[in-house]
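Colleague: Just one file: my_file.cif, with mmCIF, C-alpha atoms.
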```cif
data_data
loop_
_atom_site.label_atom_id
_atom_site.label_comp_id
_atom_site.auth_asym_id
_atom_site.auth_seq_id
_atom_site.Cartn_x
_atom_site.Cartn_y
_atom_site.Cartn_z
CA LEU A 1 50.62 -113.82 124.56
CA ILE A 2 50.63 -116.82 126.81
CA SER A 3 47.21 -118.35 127.23
CA ILE A 4 46.23 -118.67 130.83
CA MET A 5 43.39 -121.01 129.98
CA ALA A 6 45.09 -124.00 128.31
CA ALA A 7 47.70 -125.80 130.34
CA ASP A 8 51.04 -126.96 129.00
CA LYS A 9 51.15 -130.63 128.40
CA VAL A 10 53.85 -132.75 129.97
CA LYS A 11 54.78 -135.80 127.93
CA GLU A 12 56.71 -138.85 128.98
CA ILE A 13 59.47 -139.65 126.51
CA LYS A 14 60.82 -143.17 126.11
CA GLY A 15 64.50 -143.83 126.02
CA ALA A 16 67.05 -143.26 128.71
CA LYS A 17 68.97 -140.48 127.03
CA ASN A 18 66.00 -138.37 125.94
CA GLY A 19 65.40 -136.39 129.06
CA GLY A 20 62.41 -138.37 130.31
CA LYS A 21 59.86 -135.55 130.23
CA ARG A 22 59.10 -132.82 127.77
CA THR A 23 56.72 -129.87 128.19
CA ILE A 24 54.64 -129.09 125.18
CA PRO A 25 53.38 -125.52 125.25
CA ALA A 26 49.69 -125.07 124.73
CA GLU A 27 50.38 -122.38 122.13
CA LYS A 28 53.24 -122.79 119.73
CA ALA A 29 55.45 -119.78 119.10
CA GLY A 30 55.01 -118.38 115.63
CA ARG A 31 57.53 -118.96 112.85
CA PHE A 32 57.53 -115.35 111.76
CA TYR A 33 58.58 -112.28 113.68
CA PRO A 34 58.35 -108.81 112.17
CA ALA A 35 61.71 -107.03 111.64
CA GLU A 36 60.62 -104.04 113.72
CA ASP A 37 58.10 -103.59 116.45
CA VAL A 38 54.61 -103.45 115.03
CA PRO A 39 52.64 -100.53 116.51
CA GLN A 40 49.78 -101.83 118.61
CA PRO A 41 46.45 -100.12 118.06
CA LYS A 42 45.12 -98.28 121.07
CA VAL A 43 42.24 -99.85 122.92
CA SER A 44 39.04 -97.85 122.32
CA ARG A 45 37.37 -96.32 125.33
CA LYS A 46 34.18 -95.65 123.39
CA SER A 47 31.13 -97.84 123.58
CA PRO A 48 28.24 -97.48 121.15
CA LYS A 49 24.94 -96.40 122.64
CA VAL A 50 21.55 -97.40 121.31
CA ALA A 51 20.08 -94.53 119.30
CA ALA A 52 17.02 -92.98 120.91
CA ALA A 53 13.92 -92.73 118.75
CA ARG A 54 13.31 -89.35 117.16
CA LYS A 55 10.93 -87.10 119.10
CA THR A 56 8.42 -87.30 116.26
CA ILE A 57 8.15 -91.09 116.61
CA THR A 58 5.69 -91.96 119.39
CA PRO A 59 3.44 -95.03 119.78
CA GLY A 60 0.68 -94.81 117.21
CA THR A 61 2.59 -92.69 114.71
CA VAL A 62 2.15 -93.57 111.06
CA LEU A 63 5.57 -94.21 109.53
CA ILE A 64 6.51 -94.42 105.87
CA LEU A 65 9.01 -97.19 105.21
CA LEU A 66 11.66 -96.09 102.76
CA ALA A 67 13.69 -99.23 102.17
CA GLY A 68 13.47 -102.96 102.32
CA ARG A 69 10.79 -105.35 101.20
CA PHE A 70 7.96 -103.07 102.33
CA ARG A 71 9.27 -99.78 100.99
CA GLY A 72 6.56 -97.22 100.40
CA LYS A 73 4.20 -98.76 102.91
CA ARG A 74 2.57 -96.75 105.65
CA VAL A 75 2.73 -98.61 108.95
CA VAL A 76 1.83 -98.03 112.58
CA PHE A 77 4.62 -97.67 115.12
CA LEU A 78 4.22 -99.69 118.33
CA LYS A 79 7.33 -99.33 120.45
CA GLN A 80 11.08 -99.11 120.36
CA LEU A 81 12.97 -102.29 121.20
CA ASP A 82 16.13 -102.57 123.27
CA SER A 83 18.31 -102.87 120.18
CA GLY A 84 17.04 -99.48 119.05
CA LEU A 85 14.95 -100.84 116.21
CA LEU A 86 11.33 -99.80 115.93
CA LEU A 87 8.58 -102.40 116.28
CA VAL A 88 5.91 -101.77 113.66
CA THR A 89 2.88 -103.49 112.25
CA GLY A 90 0.92 -102.84 109.01
CA PRO A 91 -1.60 -103.96 110.34
CA TYR A 92 -1.15 -107.16 108.35
CA LYS A 93 -4.73 -107.33 107.14
CA VAL A 94 -4.55 -103.79 105.83
CA ASN A 95 -1.29 -103.62 103.93
CA GLY A 96 0.53 -106.92 104.37
CA VAL A 97 3.20 -105.66 106.72
CA PRO A 98 3.51 -108.05 109.70
CA LEU A 99 4.91 -107.38 113.14
CA ARG A 100 8.37 -106.31 112.17
CA ARG A 101 11.49 -104.52 113.27
CA VAL A 102 12.53 -101.47 111.33
CA ASN A 103 15.46 -99.06 111.57
CA GLN A 104 14.38 -95.48 112.18
CA ALA A 105 17.00 -94.25 109.74
CA TYR A 106 14.97 -95.72 106.89
CA VAL A 107 11.69 -94.25 107.97
CA ILE A 108 9.76 -91.00 107.55
CA ALA A 109 7.68 -90.16 110.60
CA THR A 110 4.43 -88.49 109.59
CA SER A 111 2.56 -86.20 111.92
CA THR A 112 -0.48 -88.50 111.72
CA LYS A 113 -0.97 -90.36 114.98
CA LEU A 114 -3.34 -93.15 115.86
CA ASP A 115 -4.60 -93.41 119.42
CA ILE A 116 -3.35 -96.82 120.55
CA SER A 117 -3.18 -96.04 124.24
CA ASN A 118 -5.49 -98.97 124.94
CA VAL A 119 -3.37 -101.36 122.88
CA LYS A 120 -1.07 -103.39 125.09
CA VAL A 121 2.15 -104.40 123.37
CA ASP A 122 3.21 -107.55 125.17
CA ALA A 123 6.72 -107.69 126.59
CA LYS A 124 7.30 -110.93 124.67
CA PHE A 125 7.78 -108.84 121.50
CA ASN A 126 11.47 -108.20 121.96
CA ASP A 127 14.56 -108.67 119.83
CA ALA A 128 14.77 -112.37 120.73
CA TYR A 129 11.27 -112.92 119.29
CA PHE A 130 12.51 -111.76 115.89
CA SER A 131 15.95 -113.36 115.82
CA LYS A 132 16.58 -115.83 113.00
CA SER A 133 17.64 -119.45 113.64
CA VAL A 134 21.04 -119.71 111.90
CA LYS A 135 21.82 -123.44 112.27
CA ALA A 136 18.72 -124.70 110.52
CA ASP A 137 19.44 -122.61 107.40
CA LYS A 138 23.06 -123.75 107.08
CA LYS A 139 22.16 -127.43 107.34
CA GLU A 140 19.62 -127.27 104.54
CA PHE A 141 22.07 -125.58 102.21
CA LEU A 142 24.74 -128.20 102.72
CA GLU A 143 22.33 -131.05 102.15
CA GLY A 144 21.40 -129.57 98.79
CA GLU A 145 17.69 -129.96 99.39
CA GLN A 146 15.12 -127.59 98.00
CA ALA A 147 14.87 -124.83 100.59
CA LYS A 148 11.24 -125.22 101.53
CA LYS A 149 9.77 -122.22 103.27
CA ALA A 150 8.66 -123.36 106.68
CA ALA A 151 5.08 -122.32 107.38
CA LEU A 152 4.69 -119.52 109.91
CA PRO A 153 4.22 -120.98 113.37
CA GLU A 154 0.63 -120.71 114.58
CA THR A 155 1.70 -118.67 117.60
CA LYS A 156 3.07 -115.91 115.38
CA VAL A 157 -0.12 -115.78 113.34
CA ALA A 158 -2.13 -115.56 116.56
CA ASP A 159 0.14 -112.83 117.94
CA GLN A 160 -0.29 -110.80 114.76
CA LYS A 161 -4.07 -111.06 114.90
CA ALA A 162 -4.17 -110.16 118.59
CA ILE A 163 -2.15 -106.97 118.14
CA ASP A 164 -3.85 -105.93 114.92
CA LYS A 165 -7.40 -106.32 116.25
CA ASP A 166 -7.27 -103.20 118.43
CA ILE A 167 -5.26 -101.20 115.93
CA ILE A 168 -7.72 -101.87 113.11
CA ALA A 169 -10.57 -100.93 115.46
CA ALA A 170 -8.87 -97.65 116.31
CA ALA A 171 -8.19 -96.96 112.62
CA ALA A 172 -11.81 -97.63 111.71
CA LYS A 173 -12.90 -94.55 113.66
CA ASP A 174 -11.70 -92.29 110.84
CA PRO A 175 -13.29 -93.29 107.52
CA MET A 176 -10.22 -92.62 105.38
CA PHE A 177 -7.56 -93.89 107.78
CA THR A 178 -7.65 -97.53 106.72
CA ALA A 179 -7.50 -96.54 103.08
CA TYR A 180 -4.55 -94.30 103.97
CA LEU A 181 -2.65 -97.19 105.52
CA LYS A 182 -3.51 -99.34 102.55
CA ALA A 183 -2.24 -96.88 99.98
CA PRO A 184 1.50 -96.86 99.26
CA PHE A 185 3.49 -93.65 99.40
CA GLY A 186 5.09 -92.23 96.28
CA LEU A 187 6.53 -88.98 95.01
CA SER A 188 4.96 -87.41 91.97
CA LYS A 189 6.33 -84.72 89.71
CA GLY A 190 7.11 -81.50 91.49
CA GLN A 191 7.15 -83.10 94.93
CA PHE A 192 10.38 -82.76 96.85
CA PRO A 193 10.62 -84.47 100.26
CA HIS A 194 12.77 -81.74 101.76
CA ALA A 195 10.09 -79.18 100.90
CA MET A 196 7.12 -81.26 102.02
CA LYS A 197 5.51 -81.40 105.36
CA PHE A 198 4.79 -84.90 106.58
CA GLY B 1 -11.72 -42.12 76.82
CA THR B 2 -9.66 -43.86 74.16
CA PRO B 3 -7.09 -46.35 75.46
CA GLN B 4 -3.63 -44.86 75.49
CA LYS B 5 -1.03 -46.38 73.21
CA TRP B 6 1.77 -46.61 75.74
CA TRP B 7 3.91 -48.49 73.22
CA ASP B 8 3.75 -45.76 70.61
CA PRO B 9 6.10 -42.98 71.74
CA ILE B 10 4.75 -40.34 69.40
CA ALA B 11 1.11 -41.07 69.98
CA PHE B 12 1.67 -41.57 73.69
CA ASP B 13 3.12 -38.18 74.45
CA SER B 14 0.47 -36.13 72.77
CA ILE B 15 -2.42 -38.23 74.06
CA ASN B 16 -0.96 -38.49 77.50
CA LEU B 17 -0.24 -34.80 77.84
CA ALA B 18 -3.66 -33.83 76.67
CA HIS B 19 -5.26 -36.37 78.96
CA GLN B 20 -3.18 -35.24 81.89
CA VAL B 21 -4.01 -31.63 81.38
CA GLN B 22 -7.65 -32.60 81.19
CA THR B 23 -7.72 -34.92 84.17
CA SER B 24 -5.43 -32.96 86.44
CA PHE B 25 -7.76 -30.05 86.15
CA PHE B 26 -10.69 -32.17 87.32
CA SER B 27 -9.12 -34.81 89.56
CA ASP B 28 -8.38 -33.90 93.09
CA LEU B 29 -6.17 -36.94 93.73
CA ALA B 30 -2.54 -37.67 92.85
CA MET B 31 -1.46 -37.49 89.18
CA VAL B 32 -1.65 -40.77 87.30
CA GLN B 33 1.72 -41.25 85.66
CA GLY B 34 0.69 -42.61 82.30
CA SER B 35 0.29 -46.36 82.51
CA PHE B 36 1.61 -46.65 86.05
CA LYS B 37 -1.52 -47.31 88.04
CA ARG B 38 0.09 -47.94 91.40
CA GLN B 39 2.23 -45.17 92.77
CA VAL B 40 4.70 -44.96 95.59
CA GLU B 41 2.91 -42.49 97.83
CA VAL B 42 2.05 -41.88 101.43
CA GLY B 43 -0.73 -44.27 102.30
CA ARG B 44 0.09 -46.89 99.66
CA VAL B 45 -0.42 -50.40 101.01
CA VAL B 46 2.54 -52.63 100.22
CA LEU B 47 3.31 -56.32 100.61
CA LEU B 48 6.75 -57.10 101.96
CA ASN B 49 8.52 -59.79 99.96
CA ASP B 50 10.22 -61.78 102.71
CA SER B 51 7.64 -61.82 105.45
CA GLN B 52 4.61 -61.63 103.11
CA LYS B 53 3.06 -59.06 105.44
CA LEU B 54 1.16 -55.89 104.63
CA ALA B 55 2.48 -52.46 105.54
CA VAL B 56 1.67 -48.86 104.65
CA ILE B 57 4.08 -46.32 103.20
CA VAL B 58 4.30 -43.58 105.77
CA ASP B 59 7.00 -41.46 104.17
CA ILE B 60 9.38 -41.57 101.25
CA VAL B 61 13.08 -41.58 102.14
CA ASP B 62 14.62 -41.35 98.70
CA HIS B 63 14.42 -42.88 95.23
CA LYS B 64 15.21 -46.30 96.63
CA ARG B 65 13.66 -46.47 100.08
CA ALA B 66 10.42 -45.74 101.85
CA LEU B 67 9.44 -45.64 105.47
CA VAL B 68 6.81 -48.28 106.10
CA GLU B 69 4.85 -49.49 109.08
CA GLY B 70 2.16 -52.09 109.70
CA PRO B 71 1.00 -51.75 113.31
CA THR B 72 -1.84 -54.28 113.01
CA THR B 73 0.06 -56.69 110.74
CA GLY B 74 3.22 -56.89 112.82
CA VAL B 75 5.57 -54.79 110.69
CA ALA B 76 7.86 -52.53 112.67
CA ARG B 77 8.38 -49.00 111.51
CA GLN B 78 11.40 -49.17 109.22
CA ALA B 79 13.03 -47.85 106.09
CA ILE B 80 12.79 -50.54 103.46
CA ALA B 81 14.01 -50.67 99.87
CA TYR B 82 11.37 -50.82 97.13
CA GLN B 83 13.16 -53.90 95.89
CA ASN B 84 11.97 -55.74 99.00
CA LEU B 85 8.32 -54.87 98.62
CA ILE B 86 5.55 -54.84 96.07
CA LEU B 87 2.82 -52.23 95.69
CA THR B 88 -0.78 -53.29 96.01
CA ASN B 89 -3.71 -51.44 94.48
CA LEU B 90 -4.92 -50.34 97.90
CA VAL B 91 -4.31 -46.91 99.39
CA VAL B 92 -5.05 -45.52 102.82
CA LYS B 93 -6.59 -42.23 101.76
CA GLY B 94 -5.82 -39.02 103.49
CA LEU B 95 -2.94 -40.38 105.58
CA PRO B 96 -0.73 -37.45 106.58
CA ARG B 97 2.93 -37.73 105.77
CA ASN B 98 5.15 -39.19 108.51
CA ALA B 99 2.14 -40.11 110.63
CA GLY B 100 2.82 -41.80 113.93
CA GLN B 101 1.72 -45.30 114.82
CA ALA B 102 -1.49 -44.26 116.58
CA THR B 103 -2.61 -42.05 113.69
CA LEU B 104 -1.77 -44.77 111.19
CA LYS B 105 -3.80 -47.27 113.19
CA LYS B 106 -6.77 -44.94 113.23
CA PHE B 107 -6.62 -44.37 109.48
CA LEU B 108 -6.18 -48.07 108.81
CA GLU B 109 -9.30 -48.97 110.74
CA LYS B 110 -11.27 -46.18 109.10
CA SER B 111 -10.24 -47.14 105.58
CA ASN B 112 -10.91 -50.89 105.88
CA VAL B 113 -7.98 -51.69 103.56
CA LEU B 114 -7.05 -54.82 105.45
CA SER B 115 -10.49 -56.38 105.02
CA ALA B 116 -10.48 -55.34 101.36
CA TRP B 117 -7.11 -57.06 101.04
CA GLU B 118 -8.40 -60.29 102.57
CA LYS B 119 -11.22 -60.39 100.02
CA SER B 120 -8.90 -59.83 97.06
CA ALA B 121 -7.95 -62.70 94.76
CA TRP B 122 -4.26 -61.97 95.39
CA ALA B 123 -4.57 -62.48 99.13
CA GLN B 124 -6.64 -65.58 98.66
CA LYS B 125 -4.04 -67.06 96.32
CA LEU B 126 -1.33 -66.45 98.91
CA GLN B 127 -3.52 -68.04 101.54
CA GLN B 128 -4.10 -71.06 99.31
CA ARG B 129 -0.37 -71.48 98.75
CA GLN B 130 0.19 -71.43 102.51
CA ILE B 131 -2.44 -74.06 103.09
CA ARG B 132 -1.01 -76.32 100.40
CA ALA B 133 2.48 -76.02 101.84
CA GLY B 134 1.21 -77.02 105.25
CA LEU B 135 -0.64 -80.16 104.20
CA THR B 136 0.44 -83.32 105.98
CA ASP B 137 0.85 -86.69 104.27
CA PHE B 138 -2.64 -87.74 105.41
CA ASP B 139 -4.11 -84.45 104.15
CA ARG B 140 -2.54 -84.96 100.75
CA PHE B 141 -3.97 -88.47 100.61
CA LYS B 142 -7.47 -87.25 101.50
CA LEU B 143 -7.21 -84.40 98.98
CA ASN B 144 -6.26 -86.79 96.22
CA LYS B 145 -9.08 -89.17 97.09
CA LEU B 146 -11.67 -86.38 97.11
CA LYS B 147 -10.39 -84.96 93.81
CA ASN B 148 -10.72 -88.41 92.26
CA GLN B 149 -14.26 -88.77 93.58
CA ARG B 150 -15.23 -85.36 92.20
CA ARG B 151 -13.66 -86.13 88.83
CA PHE B 152 -15.57 -89.40 88.69
CA ILE B 153 -18.90 -87.76 89.47
CA VAL B 154 -18.35 -84.98 86.94
CA GLY B 155 -17.10 -87.40 84.30
CA SER B 156 -19.94 -89.84 84.72
CA THR B 157 -22.64 -87.15 84.58
CA ILE B 158 -21.09 -85.73 81.41
CA ALA B 159 -20.96 -89.20 79.89
CA GLN B 160 -24.59 -89.74 80.86
CA ALA B 161 -25.63 -86.43 79.33
CA LYS B 162 -23.75 -87.22 76.12
CA LYS B 163 -25.41 -90.61 75.94
CA GLN B 164 -28.87 -89.08 76.34
CA ALA B 165 -28.19 -86.36 73.81
CA ALA B 166 -26.95 -88.86 71.23
#
```
Using structure tokens, write down the structure from this file.

Modeller:
Amino acid sequence: LISIMAADKVKEIKGAKNGGKRTIPAEKAGRFYPAEDVPQPKVSRKSPKVAAARKTITPGTVLILLAGRFRGKRVVFLKQLDSGLLLVTGPYKVNGVPLRRVNQAYVIATSTKLDISNVKVDAKFNDAYFSKSVKADKKEFLEGEQAKKAALPETKVADQKAIDKDIIAAAAKDPMFTAYLKAPFGLSKGQFPHAMKF
Amino acid sequence: GTPQKWWDPIAFDSINLAHQVQTSFFSDLAMVQGSFKRQVEVGRVVLLNDSQKLAVIVDIVDHKRALVEGPTTGVARQAIAYQNLILTNLVVKGLPRNAGQATLKKFLEKSNVLSAWEKSAWAQKLQQRQIRAGLTDFDRFKLNKLKNQRRFIVGSTIAQAKKQAA
């Protein structure tokens, strides 16, 4: 493949009998050629689509997280982000789960729904809000310093409190709901998830 | 009378025969076949295994099948193998053999078997099983919490009573 981007260099060569100019290709030809033609893989015409949230997952649904740091926790679903991940919150005060993205494949959707129609989930909570800063981590590692955990920025703490305020208020309407969100989920003897109704 | 020793073949026959001769002379209803209290007969209320619905035996097809129908319980008139049903202790008395749906309905209402069924422990157990299977995650949580509260109250009052007695 000849690169269209880089231009071939033209070098001036000293000496009368050396041809004067020489073109240096931008990309050198390889030293090795295969003995026979290598079959080229076909170009895929498929493009992955973002998975739609299951019908049982609607804003306000209580989800049970099955994997990750917060496995077993019952959290409140807020909205689905553009990447397909679900935005959930504990609320933080109740069970320690912050505003977080979660994959719906690792989640059980219960039939319990909280009425959060009056809760406005700001548009600023998108995938970019949750993306990690890669460069800062790499630098620290190379310098060999103790990886100090940077304190959560004040804005994130404020965001968490703002979202959770209305959700906790809505949960307080039912006396056992907050306790329900607080309690972790677990299977006991004789309980089989495929035979249980959630 | 004296309880029949169904396990003792010698004793059983003589007692049973004597008892049968005695009772059949006086009873006007169907013969009791020894220790078999529930008989396959016209009018017998049965519970279908798969659908867990009640039906009434309307006619007997052969040694393996009966014709059943449950107009008020949603069981279509059909021949069904005894293997797929279980006899209850309820009978719709006086039901004529091979009665039609309307007649069956009339007899059902008159006999009140369905309300008697609902009151029975068997029916209530089935109902309880259904409820438990349909509990949601939140329901199970609430149930557990309430059970714990009850256990605590009972336990603490017992402990109190023990303390006072001692």

Colleague: Residue by residue, what does the PyMOL selection byres ((chain B) within 8 of (chain A)) grab here? Present the result as a list of chain:residue names.

Modeller: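 For this structure, the PyMOL selection byres ((chain B) within 8 of (chain A)) captures B:Ala133, B:Gly134, B:Leu135, B:Thr136, B:Asp137, B:Phe138, B:Phe141, B:Lys142.
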
Colleague: If you measure from atom CA of Arg100 of chain A to atom CA of Leu85 of chain A, what distance in Å do you get, rounded to one decimal?

Modeller: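 So the answer is 9.5 Å.
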
Colleague: At a cut-off of 7 Å, using all atoms listed in the file, what residues contact segment 104-108 of chain A? Leave out same-chain residues fewer than 3 positions from it and give the result as a list in words.

Modeller: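 Here the qualifying residues turn out to be Leu63, Ile64, Leu65, Leu66, Ala67, Leu85 and Leu86 of chain A.
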
Colleague: For segment 83-94 of chain B, list every protein, DNA or RNA residue within 7 Å, evaluated using only C-alpha atoms, and leave out those in the same chain fewer than 5 positions away; present the list as a PyMOL selection string.

Modeller: chain B and resi 38+43-49+107-108+111+113

Colleague: Grab the atom CA of Gln130 of chain B to atom CA of Asn144 of chain B distance for me, in Å with one decimal place.

Modeller: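 These two atoms are separated by 17.8 Å.
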
Colleague: For the atom pair atom CA of Val58 of chain B and atom CA of Pro96 of chain B, what is the interatomic distance in Å to one decimal place?

Modeller: 8.0 Å

Colleague: Evaluate the PyMOL selection byres ((chain B and resi 62) around 12) here and jot the selected residues down as a list of chain:residue names.

Modeller: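 Written out, the selection comes to B:Val40, B:Glu41, B:Asp59, B:Ile60, B:Val61, B:His63, B:Lys64, B:Arg65, B:Ala66, B:Leu67, B:Ala79, B:Ile80, B:Ala81, B:Tyr82.
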
Colleague: Restricting the calculation to all atoms listed in the file: of B:Thr72, B:Gln78, B:Gln124, B:Gln160, which residue gets closest to Ala102 of chain B?

Modeller: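 Checking each of B:Thr72, B:Gln78, B:Gln124, B:Gln160 against Ala102 of chain B, counting all atoms listed in the file, the winner is B:Thr72.
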
Colleague: Quick one: of A:Thr61, A:Thr89, A:Gln191, A:Ser47, who's nearest to Ile116 of chain A, counting all atoms listed in the file?

Modeller: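 Checking each candidate against Ile116 of chain A, we get A:Thr61 as the closest.
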
Colleague: Suppose a student applies the PyMOL selection byres ((chain A and resi 60) around 12) to this structure; what residues should they get, written as number ranges by chain?

Modeller: A: 56-59, 61-63, 74-80, 86-91, 109-121, 166-168, 170-171

Colleague: Assuming the input is short of atoms at segment 88-96 of chain B, produce all heavy atoms for that part as an mmCIF file, in the frame of the given file.

Modeller:
```cif
data_model
loop_
_atom_site.group_PDB
_atom_site.id
_atom_site.type_symbol
_atom_site.label_atom_id
_atom_site.label_comp_id
_atom_site.auth_asym_id
_atom_site.auth_seq_id
_atom_site.Cartn_x
_atom_site.Cartn_y
_atom_site.Cartn_z
ATOM 1 N N THR B 88 0.548 -52.755 96.276
ATOM 2 C CA THR B 88 -0.780 -53.290 96.010
ATOM 3 C C THR B 88 -1.628 -52.166 95.418
ATOM 4 O O THR B 88 -1.174 -51.030 95.318
ATOM 5 C CB THR B 88 -1.465 -53.782 97.307
ATOM 6 O OG1 THR B 88 -1.738 -52.647 98.126
ATOM 7 C CG2 THR B 88 -0.585 -54.757 98.056
ATOM 8 N N ASN B 89 -2.845 -52.465 95.059
ATOM 9 C CA ASN B 89 -3.710 -51.440 94.480
ATOM 10 C C ASN B 89 -4.503 -50.680 95.551
ATOM 11 O O ASN B 89 -5.362 -49.866 95.235
ATOM 12 C CB ASN B 89 -4.654 -52.060 93.448
ATOM 13 C CG ASN B 89 -5.594 -53.051 94.098
ATOM 14 O OD1 ASN B 89 -5.299 -53.590 95.167
ATOM 15 N ND2 ASN B 89 -6.715 -53.303 93.464
ATOM 16 N N LEU B 90 -4.183 -50.983 96.807
ATOM 17 C CA LEU B 90 -4.920 -50.340 97.900
ATOM 18 C C LEU B 90 -4.156 -49.142 98.445
ATOM 19 O O LEU B 90 -2.929 -49.166 98.512
ATOM 20 C CB LEU B 90 -5.174 -51.344 99.035
ATOM 21 C CG LEU B 90 -5.961 -52.587 98.639
ATOM 22 C CD1 LEU B 90 -5.825 -53.641 99.717
ATOM 23 C CD2 LEU B 90 -7.418 -52.246 98.402
ATOM 24 N N VAL B 91 -4.905 -48.128 98.818
ATOM 25 C CA VAL B 91 -4.310 -46.910 99.390
ATOM 26 C C VAL B 91 -5.111 -46.494 100.618
ATOM 27 O O VAL B 91 -6.337 -46.582 100.612
ATOM 28 C CB VAL B 91 -4.346 -45.757 98.358
ATOM 29 C CG1 VAL B 91 -3.815 -44.480 98.978
ATOM 30 C CG2 VAL B 91 -3.555 -46.117 97.130
ATOM 31 N N VAL B 92 -4.387 -46.093 101.641
ATOM 32 C CA VAL B 92 -5.050 -45.520 102.820
ATOM 33 C C VAL B 92 -5.196 -44.033 102.545
ATOM 34 O O VAL B 92 -4.218 -43.290 102.602
ATOM 35 C CB VAL B 92 -4.227 -45.778 104.095
ATOM 36 C CG1 VAL B 92 -4.855 -45.078 105.281
ATOM 37 C CG2 VAL B 92 -4.080 -47.263 104.344
ATOM 38 N N LYS B 93 -6.414 -43.625 102.223
ATOM 39 C CA LYS B 93 -6.590 -42.230 101.760
ATOM 40 C C LYS B 93 -6.465 -41.247 102.892
ATOM 41 O O LYS B 93 -6.887 -41.511 104.031
ATOM 42 C CB LYS B 93 -7.980 -42.087 101.101
ATOM 43 C CG LYS B 93 -8.080 -42.774 99.783
ATOM 44 C CD LYS B 93 -9.149 -42.140 98.902
ATOM 45 C CE LYS B 93 -9.453 -43.053 97.739
ATOM 46 N NZ LYS B 93 -10.655 -43.842 97.949
ATOM 47 N N GLY B 94 -5.861 -40.134 102.552
ATOM 48 C CA GLY B 94 -5.820 -39.020 103.490
ATOM 49 C C GLY B 94 -4.786 -39.149 104.586
ATOM 50 O O GLY B 94 -4.751 -38.324 105.496
ATOM 51 N N LEU B 95 -3.948 -40.185 104.530
ATOM 52 C CA LEU B 95 -2.940 -40.380 105.580
ATOM 53 C C LEU B 95 -1.913 -39.243 105.515
ATOM 54 O O LEU B 95 -1.307 -39.029 104.487
ATOM 55 C CB LEU B 95 -2.265 -41.732 105.408
ATOM 56 C CG LEU B 95 -1.266 -42.135 106.504
ATOM 57 C CD1 LEU B 95 -1.995 -42.482 107.777
ATOM 58 C CD2 LEU B 95 -0.430 -43.299 106.038
ATOM 59 N N PRO B 96 -1.732 -38.527 106.615
ATOM 60 C CA PRO B 96 -0.730 -37.450 106.580
ATOM 61 C C PRO B 96 0.678 -38.031 106.527
ATOM 62 O O PRO B 96 0.937 -39.123 107.020
ATOM 63 C CB PRO B 96 -0.986 -36.704 107.901
ATOM 64 C CG PRO B 96 -1.725 -37.650 108.759
ATOM 65 C CD PRO B 96 -2.425 -38.621 107.893
#
```
